[in-house]
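Asker: Let me give you the structure first, and then I'll get to my questions.
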Amino acid sequence: MTVLSTTRWTELIDAVRESGQYPTTAEAERVTRVVLSALGGHVTGDERVDLARALPEEAARVVASQIPAPRPLTAAEFVDAIAARIQGATPATARWDVSSVLSVLPGLVGDDLVDRVLAQLPPGYALLFGRAELTPAA
């Protein structure tokens with residue numbers, strides 16, 4: 001089972017590296033850890049448990065080990081928080097990093113789980129997951 005988890009972790013990092021066009025695997029892994037740890041603080045309840053179950057073991061530990069955030073950040077605040085955690089990052093590069101990680105999750109964990117996660121988060125996160133932000137008609 002550990003081999004499968006290790007392989008899945010490697011596949012996740014490879015997908016992020018390709019998505020974000022990172023020059024090294026180490027950079028893709030660093031960005032993945034930062035983004036997933038931040039996300040782990042914002043997803044709670046069954047969605048957090050199911051997300052951790054669906055992710056490779058290493059990624060699941062990153063998500064599950066986070067203390068829940070005192071309040072959900074807006075998507076822009078989330079990106080700013082990532083920028084503050086990555087040396088030399090700007091809001092633009094942090095947005096790229098966040099999208100590079102989150103946009104690979106639907107293919108890994110499934111659209112239904114991503115829909116449930118997005119339902120928990122404030123408006124604006126769908127774009128970070130590579131989706132259109134749909135709003136109900138008035």
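Identifiers in the structure tokens: chain A, B, ... in order shown; residue index from 1 per chain; ligand index from 1 in order shown.
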With only C-alpha atoms as the counted atoms, please give the residues lying no more than 12 Å from Ala119 in chain A, apart from itself and same-chain residues fewer than 3 positions off, as a list in words.

Answerer: His42, Val43, Thr44, Glu47, Asp112, Leu113, Val114, Asp115, Arg116, Pro122, Pro123, Gly124, Tyr125, Ala126, Glu133, Leu134 and Thr135 of chain A

Asker: Excluding Asp80 in chain A and its own-chain neighbours fewer than 4 positions away, which residues fall within 12 Å of it when counting only C-alpha atoms? Please give them as a PyMOL selection string.

Answerer: chain A and resi 35+38+73-76+84-86+89-98

Asker: Quick one: of A:Ile82, A:Val34, A:Ile67, A:Val117, who's nearest to Leu105 in chain A, counting only C-alpha atoms?

Answerer: A:Val117

Asker: Find the nearest atom pair between each residue of range 47-116 of chain A and range 18-29 of chain A for residues within 9 Å, count only C-alpha atoms, give distances in Å to one decimal, sort rows by chain and ascending number, and present the table as a tab-separated table.

Answerer:
```
residue	atom	partner	partner_atom	distance
A:Trp96	CA	A:Gly20	CA	7.1
A:Asp97	CA	A:Gly20	CA	6.8
A:Ser99	CA	A:Gly20	CA	8.1
A:Ser100	CA	A:Gly20	CA	4.8
A:Val101	CA	A:Ser19	CA	7.7
A:Ser103	CA	A:Ser19	CA	8.0
A:Val104	CA	A:Ser19	CA	7.5
```

Asker: Could you give me, as a ChimeraX atom specification, each residue of range 14-72 of chain A that DSSP assigns to alpha helix (DSSP H) when run on this structure's backbone?

Answerer: /A:14-20,25-40,45-54,57-64

Asker: Write out as number ranges by chain each polymer residue whose atoms come within 6 Å of Leu36 in chain A, counting only C-alpha atoms; drop sequence neighbours fewer than 4 positions from it.

Answerer: A: 32, 40, 63

Asker: Quick check, in Å to one decimal: how far apart do CA of Val31 in chain A and CA of Ser65 in chain A lie?

Answerer: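 We find that CA of Val31 in chain A and CA of Ser65 in chain A lie 16.8 Å from each other.
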
Asker: Just to confirm, what's the straight-line distance from CA of Gln120 in chain A to CA of Asp50 in chain A in Å (one decimal)?

Answerer: 13.4 Å
